[in-house]
Amino acid sequence: MIVARTHGELIAAIDSCRAGLATDRSTVAFVPTMGSLHAGHLSLIARARSSAGITVASIYVNPLQFGPGEDFDRYPREQERDTELLIDAGCDVLFLPSSETVYPDGFSTKVLASEALSAPLCGRIRGASHFDGVATVVARLFALVSPDTAWFGEKDWQQLLVIRRMAADLFPSLSVMSAPTVRDAEGLALSSRNAYLAEDERAAALAVPGALIAARNAAAKGGNVNGCIDAARSVLASAAVSVDYVELLRGDDLAPTPGPFPEATDRIFIAARVGTTRLIDNDSLTPSSPALSENLPTPMASTARAAATG
Ligand code: AMP
């Protein structure tokens, strides 16, 4: 794996990977991350590898998407461990830009995320500028890496929709691909922020996937939209978590579902705080998409967990 820190090094690294490949295999798949990697990130690398000849991952903790008082300063940074995990995962190029490379002197263009997609859910809680910060950094990284495909996790469903829209508007040749949420053996969605959780907080955090399952079960029993939301809320209410939102929205555009009963493309979205750690999760309500229980544990989940605790 080649580690590139500047735009010049990145282009040279991709060119040197390309030199050894047949033209039809010389496409670039890109996985942008903020590091502190886990099996969710590695599942994106695996999919990227199978979709293209050259896999590029980036690690950059983007200050633009953190609000005042959020966890930018304490966000986990584990470069050496991440580098090892990416080598083992078969990544070809790791882009580790400095802030000067991402936002050089004079950088002054910002991307405004789609208002319809960025206003609800996390946009309402974290402020509209959160998704503008996400759209800006991802557009900038797309411009630096020039990938053919880019991979994102469904765990951050709202972010995925914002980026899909941004890419369709600004990078029409690029395909945005998504992969299902990877969970630990107890159903908790893997997240770099799980490292903040003390043991008792981790137990409380399991109420989040528990609430998703309760909503699915309510839907399976013919429950209406309010019944599904109530089922999720009552699981959260029994745990030491503070709820930011529980909403059931249309999965493709985050519009309110017309009701009274959930539709096949609807999703339930949850954000909750456990102590000072904010967790988000979402799931479809129908068994046709990967169910919570079908999606865990994976061999990679155990590998990354072992690496995280080792
Ligand atoms: P982050 O490092 O948190 O910015 O995440 C980088 C990418 O990994 C994003 O596309 C996330 O949606 C994705 N991701 C994070 N957690 C998971 C997970 N548990 N399963 C699948 N993808 C994930």
# chains A, B, ... in the order shown; residues from 1 in each chain; ligands from 1
>>> residues_near_ligand(ligand="ligand 1", cutoff="7 Å", atoms="only C-alpha atoms and all ligand atoms", output="MDAnalysis selection string")
chainID A and resid 31:35 37 40:41 43:44 151:156 179:183 189:192
>>> select_by_dssp(residues="stretch 50-183 of chain A", states="helix (DSSP H, G or I)", output="ChimeraX atom specification")
/A:50-51,63-65,79-88,99-102,115-118,121-126,129-145,154-170
>>> closest_residue(among="A:Val102, A:Ile11, A:Leu197, A:Met1", to="A:Thr276", atoms="only C-alpha atoms")
A:Leu197
>>> residues_around(residues="A:Tyr103", least_positions_apart="4", cutoff="9 Å", atoms="only C-alpha atoms", output="PyMOL selection string")
chain A and resi 98-99+107-108+137+140
>>> atom_distance(atom1="atom CA of A:Ala220", atom2="atom CA of A:Ala239")
23.6 Å
>>> residues_around(residues="A:Arg164", least_positions_apart="4", cutoff="7 Å", atoms="only C-alpha atoms", output="ChimeraX atom specification")
/A:160,168,176
>>> closest_atom_pairs(of="stretch 217-269 of chain A", to="stretch 116-121 of chain A", cutoff="9 Å", atoms="only C-alpha atoms", output="tab-separated table")
residue	atom	partner	partner_atom	distance
A:Asp244	CA	A:Leu121	CA	8.6
A:Tyr245	CA	A:Leu121	CA	6.9
A:Val246	CA	A:Leu121	CA	8.7
A:Glu247	CA	A:Leu121	CA	7.9
A:Asp253	CA	A:Leu117	CA	6.6
A:Leu254	CA	A:Leu117	CA	6.4
A:Ala255	CA	A:Ala116	CA	8.1
A:Phe269	CA	A:Leu121	CA	7.8
>>> write_last_selection(atoms="C-alpha atoms", output="compact mmCIF listing (two decimals), in the first residue's frame")
# COMPACT_ATOMS: atom_id res chain seq x y z
CA ASP A 244 -32.43 13.14 20.06
CA TYR A 245 -34.97 11.72 17.61
CA VAL A 246 -36.95 8.65 16.61
CA GLU A 247 -38.50 9.16 13.19
CA ASP A 253 -35.95 11.37 0.20
CA LEU A 254 -36.49 11.67 3.98
CA ALA A 255 -39.98 13.07 3.44
CA PHE A 269 -34.02 6.64 12.20
>>> closest_residue(among="A:Thr109, A:Thr23, A:Thr277, A:Thr55", to="A:Asn194", atoms="only C-alpha atoms")
A:Thr277
>>> closest_residue(among="A:Gly20, A:Cys122, A:Gly275, A:Leu112", to="A:Asp169", atoms="only C-alpha atoms")
A:Leu112
>>> closest_residue(among="A:Leu96, A:Ala207, A:Leu236, A:Ala135", to="A:Gln65", atoms="only C-alpha atoms")
A:Ala135
>>> atom_distance(atom1="atom CA of A:Leu174", atom2="atom CA of A:Phe66")
26.3 Å
>>> closest_atom_pairs(of="stretch 173-227 of chain A", to="stretch 69-89 of chain A", cutoff="9 Å", atoms="only C-alpha atoms", output="tab-separated table")
residue	atom	partner	partner_atom	distance
A:Ser192	CA	A:Pro76	CA	7.1
A:Arg193	CA	A:Tyr75	CA	7.5
A:Ala195	CA	A:Pro76	CA	7.9
A:Tyr196	CA	A:Pro76	CA	8.8
>>> write_last_selection(atoms="N, CA and C atoms", output="PDB file, in the first residue's frame")
ATOM      1  N   SER A 192     -16.736   4.526  15.161  1.00  0.00           N
ATOM      2  CA  SER A 192     -15.491   4.947  15.825  1.00  0.00           C
ATOM      3  C   SER A 192     -15.814   5.528  17.192  1.00  0.00           C
ATOM      4  N   ARG A 193     -17.000   6.126  17.337  1.00  0.00           N
ATOM      5  CA  ARG A 193     -17.376   6.761  18.607  1.00  0.00           C
ATOM      6  C   ARG A 193     -17.715   5.735  19.697  1.00  0.00           C
ATOM      7  N   ALA A 195     -15.809   3.781  20.871  1.00  0.00           N
ATOM      8  CA  ALA A 195     -14.629   3.748  21.750  1.00  0.00           C
ATOM      9  C   ALA A 195     -14.829   4.639  22.969  1.00  0.00           C
ATOM     10  N   TYR A 196     -15.717   5.629  22.885  1.00  0.00           N
ATOM     11  CA  TYR A 196     -15.957   6.512  24.039  1.00  0.00           C
ATOM     12  C   TYR A 196     -16.763   5.822  25.140  1.00  0.00           C
TER      13      TYR A 196
END
>>> closest_residue(among="A:Cys228, A:Val241, A:Val274, A:Leu64", to="A:Pro260", atoms="only C-alpha atoms")
A:Cys228
>>> residues_around(residues="A:Pro147", least_positions_apart="5", cutoff="8 Å", atoms="only C-alpha atoms", output="PDB file with N, CA and C atoms, in the first residue's frame")
ATOM      1  N   THR A  27      -9.831   1.232 -13.080  1.00  0.00           N
ATOM      2  CA  THR A  27     -10.753   2.169 -12.435  1.00  0.00           C
ATOM      3  C   THR A  27     -10.401   2.317 -10.946  1.00  0.00           C
ATOM      4  N   VAL A  28     -10.825   3.468 -10.395  1.00  0.00           N
ATOM      5  CA  VAL A  28     -10.493   3.782  -8.994  1.00  0.00           C
ATOM      6  C   VAL A  28     -11.762   3.777  -8.150  1.00  0.00           C
ATOM      7  N   ALA A  29     -11.749   2.993  -7.066  1.00  0.00           N
ATOM      8  CA  ALA A  29     -12.844   3.022  -6.088  1.00  0.00           C
ATOM      9  C   ALA A  29     -12.312   3.695  -4.825  1.00  0.00           C
ATOM     10  N   PHE A  30     -13.126   4.577  -4.269  1.00  0.00           N
ATOM     11  CA  PHE A  30     -12.666   5.443  -3.176  1.00  0.00           C
ATOM     12  C   PHE A  30     -13.526   5.237  -1.929  1.00  0.00           C
ATOM     13  N   PHE A 142     -13.355  14.149  -3.672  1.00  0.00           N
ATOM     14  CA  PHE A 142     -13.647  13.617  -5.014  1.00  0.00           C
ATOM     15  C   PHE A 142     -12.787  14.349  -6.055  1.00  0.00           C
ATOM     16  N   LEU A 174     -19.438   9.917 -11.660  1.00  0.00           N
ATOM     17  CA  LEU A 174     -19.048   9.115 -10.496  1.00  0.00           C
ATOM     18  C   LEU A 174     -20.244   8.307  -9.975  1.00  0.00           C
TER      19      LEU A 174
END
